[in-house]
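One file, target.cif, is given below (mmCIF, C-alpha atoms and all ligand atoms).
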```cif
data_my_file
loop_
_atom_site.label_atom_id
_atom_site.label_comp_id
_atom_site.auth_asym_id
_atom_site.auth_seq_id
_atom_site.Cartn_x
_atom_site.Cartn_y
_atom_site.Cartn_z
CA MET A 278 0.00 0.00 0.00
CA PHE A 279 1.85 3.08 -1.26
CA ILE A 280 0.43 6.54 -0.73
CA ASP A 281 1.63 9.46 -2.83
CA ILE A 282 1.36 12.99 -1.53
CA PRO A 283 -0.71 15.28 -3.78
CA SER A 284 1.55 17.93 -5.32
CA GLU A 285 -0.37 20.86 -3.83
CA LEU A 286 0.07 19.30 -0.38
CA GLU A 287 3.78 18.77 -1.04
CA ALA A 288 4.19 22.39 -2.03
CA ALA A 289 2.39 23.61 1.09
CA LEU A 290 4.37 21.30 3.40
CA ILE A 291 7.69 22.52 1.99
CA ASP A 292 6.70 26.03 3.10
CA LEU A 293 5.33 24.98 6.48
CA PRO A 294 7.76 25.59 9.35
CA LEU A 295 6.52 23.36 12.19
CA PRO A 296 7.92 24.27 15.63
CA THR A 297 10.34 22.04 17.54
CA TRP A 298 8.52 19.23 19.32
CA GLU A 299 8.37 18.78 23.06
CA LEU A 300 8.36 15.54 25.02
CA ASP A 301 6.49 14.63 28.15
CA GLY A 302 8.54 11.70 29.44
CA SER A 303 8.88 9.45 26.43
CA PHE A 304 5.78 10.77 24.63
CA LEU A 305 5.28 13.69 22.29
CA THR A 306 3.29 16.26 24.31
CA LYS A 307 -0.40 16.76 23.62
CA SER A 308 0.27 20.43 22.91
CA THR A 309 2.85 19.55 20.23
CA MET A 310 0.41 17.09 18.70
CA GLU A 311 -2.35 19.70 18.70
CA ARG A 312 -0.09 22.42 17.28
CA TYR A 313 1.14 20.13 14.49
CA ARG A 314 -2.41 19.06 13.70
CA THR A 315 -3.63 22.66 13.54
CA GLU A 316 -0.82 23.65 11.17
CA LEU A 317 -1.08 20.53 9.03
CA THR A 318 -4.84 20.41 8.66
CA ALA A 319 -4.67 23.93 7.20
CA THR A 320 -2.71 22.56 4.21
CA PRO A 321 -4.60 21.40 1.10
CA ARG A 322 -5.64 17.74 1.03
CA PHE A 323 -3.82 16.85 4.25
CA GLU A 324 -6.87 15.37 5.92
CA GLU A 325 -7.83 13.29 2.92
CA THR A 326 -4.25 11.96 2.75
CA THR A 327 -4.15 10.98 6.41
CA ALA A 328 -7.62 9.41 6.12
CA THR A 329 -6.26 7.24 3.29
CA LEU A 330 -3.29 6.36 5.49
CA ARG A 331 -5.44 5.36 8.47
CA HIS A 332 -7.72 3.34 6.25
CA ALA A 333 -4.77 1.39 4.84
CA LEU A 334 -3.75 0.50 8.38
CA ILE A 335 -7.12 -0.62 9.73
CA ARG A 336 -9.12 -1.92 6.79
CA GLU A 337 -9.75 -5.66 6.63
CA GLY A 338 -6.58 -7.34 5.34
CA GLY A 339 -4.67 -4.06 5.72
CA GLY A 340 -2.01 -3.27 8.25
CA TYR A 341 0.85 -1.36 6.67
CA ALA A 342 1.39 1.63 4.42
CA VAL A 343 4.24 3.55 2.84
CA LEU A 344 3.85 7.32 2.61
CA ARG A 345 6.01 8.56 -0.22
CA LEU A 346 7.68 11.67 1.14
CA GLY A 347 10.71 11.60 -1.17
CA ASN A 348 10.03 14.96 -2.81
CA LEU A 349 9.77 16.57 0.62
CA ALA A 350 13.04 14.92 1.68
CA LYS A 351 14.68 16.22 -1.49
CA ALA A 352 13.42 19.74 -0.91
CA LEU A 353 14.04 19.93 2.84
CA GLY A 354 16.83 17.43 3.48
CA THR A 355 16.27 14.77 6.11
CA GLY A 356 17.04 16.92 9.16
CA ASP A 357 14.77 18.52 11.73
CA ARG A 358 12.30 20.28 9.43
CA PHE A 359 11.57 17.09 7.53
CA ARG A 360 11.43 15.01 10.72
CA ARG A 361 8.86 17.37 12.23
CA LEU A 362 6.60 16.89 9.22
CA VAL A 363 6.97 13.11 9.37
CA THR A 364 6.31 13.19 13.12
CA GLY A 365 3.15 15.16 12.30
CA PHE A 366 2.04 12.45 9.89
CA GLY A 367 2.77 9.76 12.48
CA ALA A 368 0.79 11.68 15.09
CA GLU A 369 -2.25 11.50 12.80
CA VAL A 370 -2.16 7.72 13.28
CA ALA A 371 -1.37 7.48 17.00
CA ALA A 372 0.81 9.07 19.70
CA PRO A 373 4.57 9.11 18.93
CA PHE A 374 6.85 7.92 21.73
CA SER A 375 10.29 6.49 22.39
CA PRO A 376 10.58 3.33 24.50
CA PHE A 377 14.36 3.71 24.62
CA PRO A 378 15.74 6.15 27.20
CA GLN A 379 18.87 6.71 25.12
CA TRP A 380 16.96 7.86 22.04
CA PRO A 381 15.02 11.13 22.05
CA LEU A 382 12.11 10.24 19.73
CA TRP A 383 13.55 8.88 16.49
CA LYS A 384 16.05 6.04 16.73
CA ASP A 385 18.78 5.58 14.13
CA ILE A 386 18.97 2.23 12.42
CA GLY A 387 22.26 2.42 10.59
CA VAL A 388 24.59 -0.37 9.52
CA LYS A 389 26.93 -2.01 12.00
CA VAL A 390 29.13 -4.62 10.34
CA ALA A 391 30.24 -6.09 13.68
CA LYS A 392 26.73 -6.64 15.04
CA ASP A 393 24.67 -9.86 14.99
CA PRO A 394 23.77 -9.73 11.27
CA GLY A 395 20.18 -10.86 11.94
CA LYS A 396 19.32 -8.01 14.27
CA SER A 397 18.44 -4.34 13.94
CA SER A 398 21.41 -2.50 12.30
CA GLY A 399 22.96 -5.83 11.29
CA ILE A 400 23.82 -6.58 7.67
CA GLY A 401 22.06 -9.94 7.30
CA TYR A 402 18.54 -11.25 6.94
CA ASN A 403 16.37 -9.76 9.71
CA ALA A 404 13.67 -12.42 10.09
CA PHE A 405 9.95 -11.73 10.61
CA HIS A 406 9.28 -10.16 13.97
CA MET A 407 7.35 -7.60 15.91
CA ASP A 408 9.28 -4.91 17.74
CA LEU A 409 9.43 -5.14 21.55
CA VAL A 410 7.96 -8.65 21.36
CA ASN A 411 8.81 -9.41 24.99
CA ALA A 412 7.08 -6.33 26.43
CA SER A 413 3.60 -6.76 27.92
CA LEU A 414 2.39 -3.80 25.82
CA PRO A 415 4.37 -3.58 22.57
CA PRO A 416 3.96 -0.41 20.46
CA ASP A 417 0.75 -0.51 18.39
CA TYR A 418 2.71 0.78 15.41
CA THR A 419 6.34 0.64 14.41
CA THR A 420 7.40 3.10 11.74
CA LEU A 421 10.54 3.30 9.61
CA LEU A 422 11.65 6.36 7.69
CA CYS A 423 14.17 5.72 4.93
CA VAL A 424 16.96 8.28 4.78
CA ARG A 425 19.25 6.18 2.54
CA PRO A 426 18.71 2.71 1.05
CA ASP A 427 21.60 0.24 0.80
CA PRO A 428 23.81 1.72 -1.96
CA LEU A 429 24.59 -1.86 -3.02
CA GLY A 430 20.90 -2.61 -3.57
CA GLY A 431 20.05 -4.95 -0.68
CA GLY A 432 17.81 -4.52 2.35
CA LEU A 433 14.35 -5.06 0.90
CA SER A 434 11.64 -4.58 3.50
CA ILE A 435 9.48 -7.67 4.07
CA LEU A 436 5.96 -7.72 5.49
CA SER A 437 3.47 -10.47 6.20
CA ASP A 438 -0.10 -10.60 7.49
CA ALA A 439 0.35 -12.41 10.81
CA HIS A 440 -3.27 -13.50 11.25
CA ALA A 441 -3.49 -14.81 7.69
CA ALA A 442 -0.35 -16.89 8.33
CA VAL A 443 -1.80 -18.26 11.58
CA ALA A 444 -5.06 -19.15 9.82
CA ARG A 445 -3.13 -21.45 7.44
CA LEU A 446 -1.72 -23.51 10.33
CA SER A 447 -3.25 -26.71 11.71
CA GLU A 448 -5.33 -26.60 14.85
CA ASP A 449 -2.67 -28.59 16.75
CA CYS A 450 -0.03 -26.13 15.74
CA ARG A 451 -2.19 -23.18 16.81
CA ALA A 452 -2.84 -24.88 20.17
CA LEU A 453 0.91 -25.08 20.80
CA LEU A 454 1.34 -21.43 19.78
CA ALA A 455 -1.30 -20.47 22.38
CA GLU A 456 0.80 -21.92 25.22
CA SER A 457 2.92 -19.67 27.43
CA ALA A 458 6.10 -21.33 26.30
CA TYR A 459 8.03 -18.74 24.29
CA HIS A 460 10.62 -16.18 25.22
CA TYR A 461 13.05 -13.91 23.47
CA GLY A 462 15.68 -11.36 24.29
CA THR A 463 16.36 -9.16 27.26
CA PHE A 464 14.36 -6.34 28.78
CA SER A 465 15.56 -3.33 30.68
CA ASP A 466 14.84 0.35 31.01
CA LEU A 467 12.02 0.63 28.50
CA PHE A 468 9.32 3.31 28.64
CA GLY A 469 5.66 3.07 27.72
CA VAL A 470 5.57 -0.62 26.81
CA GLY A 471 4.61 -2.24 30.12
CA GLU A 472 6.68 -4.92 31.77
CA GLU A 473 8.79 -7.83 30.65
CA TYR A 474 6.63 -10.67 29.39
CA LYS A 475 8.39 -14.01 29.84
CA PRO A 476 7.38 -16.60 28.92
CA PHE A 477 4.62 -15.50 26.56
CA PRO A 478 2.08 -17.20 24.29
CA ILE A 479 2.38 -16.33 20.59
CA LEU A 480 -1.40 -16.44 20.19
CA ASP A 481 -3.77 -15.03 22.78
CA GLY A 482 -7.06 -15.81 21.08
CA SER A 483 -7.89 -12.26 20.05
CA ASP A 484 -9.17 -11.10 16.67
CA PRO A 485 -7.07 -9.59 13.88
CA GLY A 486 -6.29 -5.98 14.70
CA GLU A 487 -6.90 -6.43 18.42
CA GLY A 488 -4.40 -8.80 20.01
CA PHE A 489 -0.85 -9.32 18.81
CA VAL A 490 0.57 -12.36 17.12
CA ARG A 491 3.45 -12.09 19.53
CA PHE A 492 6.18 -13.54 17.42
CA THR A 493 9.73 -13.16 16.30
CA ALA A 494 11.34 -15.74 14.05
CA LYS A 495 14.62 -14.72 15.68
CA MET A 496 13.63 -16.88 18.66
CA LEU A 497 14.17 -19.99 16.55
CA ALA A 498 17.94 -19.60 16.59
CA ARG A 499 18.31 -17.62 19.81
CA SER A 500 15.88 -18.97 22.42
CA ASP A 501 15.83 -22.38 24.04
CA LEU A 502 12.37 -23.81 23.25
CA SER A 503 10.93 -27.29 23.66
CA GLN A 504 10.99 -29.31 20.47
CA ALA A 505 7.22 -29.13 19.94
CA HIS A 506 7.07 -25.40 20.56
CA ALA A 507 10.08 -24.77 18.35
CA GLU A 508 8.46 -26.82 15.60
CA SER A 509 5.21 -24.85 15.69
CA ALA A 510 7.13 -21.57 15.75
CA ARG A 511 9.08 -22.75 12.69
CA LYS A 512 5.83 -23.53 10.87
CA LEU A 513 4.52 -20.06 11.62
CA ALA A 514 7.78 -18.56 10.35
CA GLU A 515 7.39 -20.56 7.12
CA GLU A 516 3.82 -19.36 6.61
CA LEU A 517 4.91 -15.78 7.17
CA VAL A 518 7.49 -16.16 4.41
CA ARG A 519 4.93 -17.83 2.14
CA GLY A 520 2.64 -14.82 2.51
CA GLN A 521 5.27 -12.10 2.39
CA VAL A 522 5.41 -8.98 0.29
CA SER A 523 8.73 -7.22 -0.23
CA PHE A 524 9.74 -3.85 -1.56
CA MET A 525 12.63 -1.43 -1.46
CA LEU A 526 12.18 1.71 0.59
CA LYS A 527 13.41 4.78 -1.27
CA PRO A 528 14.75 7.98 0.31
CA GLY A 529 11.88 9.72 2.07
CA ASP A 530 9.61 6.66 2.14
CA TYR A 531 7.81 6.34 5.48
CA LEU A 532 6.69 2.80 6.32
CA ILE A 533 4.06 2.40 9.03
CA VAL A 534 3.27 -1.10 10.31
CA ALA A 535 0.29 -1.97 12.53
CA GLN A 536 1.94 -4.46 14.85
CA ARG A 537 -1.42 -6.03 15.75
CA ARG A 538 -1.77 -7.10 12.12
CA PHE A 539 1.51 -7.39 10.27
CA LEU A 540 5.00 -8.60 11.14
CA HIS A 541 8.03 -7.12 9.44
CA GLY A 542 11.67 -7.79 8.67
CA ARG A 543 14.42 -7.06 6.18
CA GLU A 544 16.34 -8.96 3.54
CA ALA A 545 20.13 -8.98 3.82
CA LEU A 546 22.14 -6.01 2.66
CA HIS A 547 24.27 -6.67 -0.38
CA GLY A 548 27.98 -6.88 -1.10
CA ASP A 549 30.81 -5.82 1.09
CA GLN A 550 29.32 -3.30 3.50
CA GLU A 551 32.67 -2.71 5.19
CA ASN A 552 33.91 -0.91 2.10
CA ILE A 553 31.05 1.60 2.10
CA PRO A 554 31.93 4.86 3.89
CA ALA A 555 29.81 5.19 7.04
CA ASP A 556 28.03 8.29 5.71
CA ASP A 557 26.88 6.45 2.58
CA ARG A 558 25.51 3.35 4.29
CA ARG A 559 21.84 2.50 4.57
CA LEU A 560 20.08 4.58 7.20
CA LEU A 561 16.56 4.27 8.53
CA LEU A 562 14.97 6.17 11.40
CA GLN A 563 12.51 4.40 13.64
CA LEU A 564 9.57 5.86 15.58
CA PHE A 565 6.92 4.03 17.61
CA LEU A 566 3.27 4.95 18.03
CA ARG A 567 0.81 4.21 20.81
CA ALA A 568 -2.89 4.05 19.92
CA GLY A 569 -5.76 4.89 22.20
CA SER A 570 -4.87 8.23 23.75
CA THR A 571 -4.93 10.65 20.85
CA ALA A 572 -7.49 12.42 18.74
CA GLY A 573 -6.01 10.63 15.72
CA SER A 574 -6.55 7.17 17.09
CA ALA A 575 -9.93 8.20 18.53
CA ARG A 576 -11.02 9.06 15.02
CA VAL A 577 -9.86 5.64 13.88
CA ALA A 578 -11.65 3.93 16.76
CA GLY A 579 -14.84 5.88 16.13
CA ARG A 580 -15.04 4.79 12.56
CA CYS A 581 -14.02 1.18 12.60
CA HIS A 582 -14.55 -0.37 15.99
CA ARG A 583 -17.71 -1.11 17.89
O1 LIG B 601 16.35 -2.69 8.73
C1 LIG B 601 15.14 -2.77 8.52
O2 LIG B 601 14.62 -2.54 7.43
C2 LIG B 601 14.22 -3.18 9.62
C3 LIG B 601 14.83 -3.04 10.99
C4 LIG B 601 13.91 -3.52 12.05
O3 LIG B 601 12.94 -4.17 11.82
C5 LIG B 601 14.20 -3.17 13.44
O4 LIG B 601 15.23 -2.59 13.71
O5 LIG B 601 13.37 -3.45 14.30
FE FE B 602 11.74 -4.35 13.63
#
```
Just give me the structure as structure tokens.
Amino acid sequence: MFIDIPSELEAALIDLPLPTWELDGSFLTKSTMERYRTELTATPRFEETTATLRHALIREGGGYAVLRLGNLAKALGTGDRFRRLVTGFGAEVAAPFSPFPQWPLWKDIGVKVAKDPGKSSGIGYNAFHMDLVNASLPPDYTTLLCVRPDPLGGGLSILSDAHAAVARLSEDCRALLAESAYHYGTFSDLFGVGEEYKPFPILDGSDPGEGFVRFTAKMLARSDLSQAHAESARKLAEELVRGQVSFMLKPGDYLIVAQRRFLHGREALHGDQENIPADDRRLLLQLFLRAGSTAGSARVAGRCHR
């Protein structure tokens, strides 16, 4: 689901100087959200564009969208002015926040050649997962803003409808996935995402769009699971790959993923990343969104939930 920005909106946004944002703890303040909304809704076709965006995220079978902001990135660069506009778009979906104390709001996902290649910032295949899988309240949305793609052409984004994948599994397999028998990773010092959840069930019986399919395929290689549980997790991972879509994010593309619906990951970067100067390497910026406490998400809830 790719959403282009109408040219009259682009032109207006290029001339719109949004003020610096303020944080209240790890969340964007309500007053910043209101100020951004007031400024942005005065631009032509902004509301219709964000309505399209919200619909892509909550319609049946939906759950991700890419806002194409490349012309804005070209005109403004990818510094503060551009980031304020993108934060304003994010805030129209749900409340922006940072679970990581060391990152102000946006977190850099660069390329670290020495890191576990299968993890964030690694150079390898980043298998299907949800972000903050081992938190009791993971972010409702994870969002990725592309500053620079891999200059060697790798790093396709991959997405898969988690509930559709689960629906293709046998009942026995689903019963195993509903047991509190899975764990992954460490947990410390995180804001706004509840407590550590360990062990957790992958399935909690809720409907698409409501509960999470609490899964990361990274647990297959990195967590000690019983044979039966590992086997059912492997089957889910296979179904996710069977149903995947993949695409290359271009500079200025803003990917928003509803974590209650879709899981995400990344194909390996290409070639010899060590030989790419650090300033030319792939760079994404990550921002998380919490639904339920904003006018934006209230509008979503009003239209599509009971
Ligand atoms: O590198 C990417 O495209 C995705 C990274 C990711 O999913 C993460 O850091 O959580
Ligand atoms: Fe991720």
Which of A:Glu551, A:Glu316, A:Asp530, A:Glu472 sits closest to Ala412 (chain A) [using all atoms listed in the file]
A:Glu472
Find the residue from A:Leu497, A:Leu353, A:Leu421, A:Leu546 that sits nearest to Gly399 (chain A); use only C-alpha atoms when measuring.
A:Leu546
Counting only C-alpha atoms and all ligand atoms, which residues of chain A sit at most 10 Å from some atom of ligand LIG 601 (chain B), and what is each one's closest atom pair with its distance in Å to one decimal, listed by chain and rising residue number, as a tab-separated table?
```
residue	atom	partner	partner_atom	distance
A:Lys384	CA	B:LIG601	O4	9.2
A:Asp385	CA	B:LIG601	O4	8.9
A:Ile386	CA	B:LIG601	O4	6.2
A:Gly387	CA	B:LIG601	O1	8.0
A:Val388	CA	B:LIG601	O1	8.6
A:Gly395	CA	B:LIG601	C3	9.5
A:Lys396	CA	B:LIG601	O4	6.8
A:Ser397	CA	B:LIG601	O4	3.7
A:Ser398	CA	B:LIG601	O1	6.2
A:Gly399	CA	B:LIG601	O1	7.8
A:Ile400	CA	B:LIG601	O1	8.5
A:Gly401	CA	B:LIG601	O1	9.3
A:Tyr402	CA	B:LIG601	O1	9.0
A:Asn403	CA	B:LIG601	O3	6.9
A:Ala404	CA	B:LIG601	O3	8.5
A:Phe405	CA	B:LIG601	O3	8.2
A:His406	CA	B:LIG601	O3	7.3
A:Met407	CA	B:LIG601	O5	7.5
A:Asp408	CA	B:LIG601	O5	5.5
A:Leu409	CA	B:LIG601	O5	8.4
A:Thr419	CA	B:LIG601	O5	8.1
A:Thr420	CA	B:LIG601	O3	9.1
A:Leu421	CA	B:LIG601	O2	7.5
A:Leu422	CA	B:LIG601	O2	9.4
A:Cys423	CA	B:LIG601	O2	8.6
A:Pro426	CA	B:LIG601	O2	9.2
A:Asp427	CA	B:LIG601	O1	10.0
A:Gly432	CA	B:LIG601	O2	6.3
A:Leu433	CA	B:LIG601	O2	7.0
A:Ser434	CA	B:LIG601	O2	5.3
A:Ile435	CA	B:LIG601	O2	8.0
A:Met525	CA	B:LIG601	O2	9.2
A:Leu526	CA	B:LIG601	O2	8.4
A:Leu532	CA	B:LIG601	O2	9.6
A:Leu540	CA	B:LIG601	O3	9.1
A:His541	CA	B:LIG601	O3	6.2
A:Gly542	CA	B:LIG601	O3	5.0
A:Arg543	CA	B:LIG601	O2	4.7
A:Glu544	CA	B:LIG601	O2	7.7
A:Ala545	CA	B:LIG601	O1	8.8
A:Leu546	CA	B:LIG601	O1	9.0
A:Arg559	CA	B:LIG601	O1	8.6
A:Leu560	CA	B:LIG601	O1	8.3
A:Leu561	CA	B:LIG601	O1	7.0
A:Leu562	CA	B:LIG601	O4	9.1
A:Gln563	CA	B:LIG601	O4	7.5
```
Write out, as a PDB file, keeping the file's coordinate frame, the residues just selected, with C-alpha atoms.
```pdb
ATOM      1  CA  LYS A 384      16.050   6.040  16.730  1.00  0.00           C
ATOM      2  CA  ASP A 385      18.780   5.580  14.130  1.00  0.00           C
ATOM      3  CA  ILE A 386      18.970   2.230  12.420  1.00  0.00           C
ATOM      4  CA  GLY A 387      22.260   2.420  10.590  1.00  0.00           C
ATOM      5  CA  VAL A 388      24.590  -0.370   9.520  1.00  0.00           C
ATOM      6  CA  GLY A 395      20.180 -10.860  11.940  1.00  0.00           C
ATOM      7  CA  LYS A 396      19.320  -8.010  14.270  1.00  0.00           C
ATOM      8  CA  SER A 397      18.440  -4.340  13.940  1.00  0.00           C
ATOM      9  CA  SER A 398      21.410  -2.500  12.300  1.00  0.00           C
ATOM     10  CA  GLY A 399      22.960  -5.830  11.290  1.00  0.00           C
ATOM     11  CA  ILE A 400      23.820  -6.580   7.670  1.00  0.00           C
ATOM     12  CA  GLY A 401      22.060  -9.940   7.300  1.00  0.00           C
ATOM     13  CA  TYR A 402      18.540 -11.250   6.940  1.00  0.00           C
ATOM     14  CA  ASN A 403      16.370  -9.760   9.710  1.00  0.00           C
ATOM     15  CA  ALA A 404      13.670 -12.420  10.090  1.00  0.00           C
ATOM     16  CA  PHE A 405       9.950 -11.730  10.610  1.00  0.00           C
ATOM     17  CA  HIS A 406       9.280 -10.160  13.970  1.00  0.00           C
ATOM     18  CA  MET A 407       7.350  -7.600  15.910  1.00  0.00           C
ATOM     19  CA  ASP A 408       9.280  -4.910  17.740  1.00  0.00           C
ATOM     20  CA  LEU A 409       9.430  -5.140  21.550  1.00  0.00           C
ATOM     21  CA  THR A 419       6.340   0.640  14.410  1.00  0.00           C
ATOM     22  CA  THR A 420       7.400   3.100  11.740  1.00  0.00           C
ATOM     23  CA  LEU A 421      10.540   3.300   9.610  1.00  0.00           C
ATOM     24  CA  LEU A 422      11.650   6.360   7.690  1.00  0.00           C
ATOM     25  CA  CYS A 423      14.170   5.720   4.930  1.00  0.00           C
ATOM     26  CA  PRO A 426      18.710   2.710   1.050  1.00  0.00           C
ATOM     27  CA  ASP A 427      21.600   0.240   0.800  1.00  0.00           C
ATOM     28  CA  GLY A 432      17.810  -4.520   2.350  1.00  0.00           C
ATOM     29  CA  LEU A 433      14.350  -5.060   0.900  1.00  0.00           C
ATOM     30  CA  SER A 434      11.640  -4.580   3.500  1.00  0.00           C
ATOM     31  CA  ILE A 435       9.480  -7.670   4.070  1.00  0.00           C
ATOM     32  CA  MET A 525      12.630  -1.430  -1.460  1.00  0.00           C
ATOM     33  CA  LEU A 526      12.180   1.710   0.590  1.00  0.00           C
ATOM     34  CA  LEU A 532       6.690   2.800   6.320  1.00  0.00           C
ATOM     35  CA  LEU A 540       5.000  -8.600  11.140  1.00  0.00           C
ATOM     36  CA  HIS A 541       8.030  -7.120   9.440  1.00  0.00           C
ATOM     37  CA  GLY A 542      11.670  -7.790   8.670  1.00  0.00           C
ATOM     38  CA  ARG A 543      14.420  -7.060   6.180  1.00  0.00           C
ATOM     39  CA  GLU A 544      16.340  -8.960   3.540  1.00  0.00           C
ATOM     40  CA  ALA A 545      20.130  -8.980   3.820  1.00  0.00           C
ATOM     41  CA  LEU A 546      22.140  -6.010   2.660  1.00  0.00           C
ATOM     42  CA  ARG A 559      21.840   2.500   4.570  1.00  0.00           C
ATOM     43  CA  LEU A 560      20.080   4.580   7.200  1.00  0.00           C
ATOM     44  CA  LEU A 561      16.560   4.270   8.530  1.00  0.00           C
ATOM     45  CA  LEU A 562      14.970   6.170  11.400  1.00  0.00           C
ATOM     46  CA  GLN A 563      12.510   4.400  13.640  1.00  0.00           C
TER      47      GLN A 563
END
```
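When only C-alpha atoms and all ligand atoms are used to measure the gap to ligand FE 602 (chain B), the shortest distance among A:Thr318, A:Asn348, A:Thr463, A:Thr493 belongs to A:Thr493.
Of the residues under consideration (A:Pro478, A:Pro321, A:Gly430, A:Gly548), A:Gly430 shows the shortest atom-to-atom contact distance to Lys527 (chain A) when counting all atoms listed in the file.
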All residues 9 Å or closer to Ser457 (chain A), all atoms listed in the file, same chain fewer than 2 positions away omitted, as a list in words
Leu453, Leu454, Ala455, Tyr459, His460, Lys475, Pro476, Phe477, Pro478 and Ile479 of chain A
Store the residues picked out above in a file with C-alpha atoms, as a PDB file, in the frame of the given file.
```pdb
ATOM      1  CA  LEU A 453       0.910 -25.080  20.800  1.00  0.00           C
ATOM      2  CA  LEU A 454       1.340 -21.430  19.780  1.00  0.00           C
ATOM      3  CA  ALA A 455      -1.300 -20.470  22.380  1.00  0.00           C
ATOM      4  CA  TYR A 459       8.030 -18.740  24.290  1.00  0.00           C
ATOM      5  CA  HIS A 460      10.620 -16.180  25.220  1.00  0.00           C
ATOM      6  CA  LYS A 475       8.390 -14.010  29.840  1.00  0.00           C
ATOM      7  CA  PRO A 476       7.380 -16.600  28.920  1.00  0.00           C
ATOM      8  CA  PHE A 477       4.620 -15.500  26.560  1.00  0.00           C
ATOM      9  CA  PRO A 478       2.080 -17.200  24.290  1.00  0.00           C
ATOM     10  CA  ILE A 479       2.380 -16.330  20.590  1.00  0.00           C
TER      11      ILE A 479
END
```
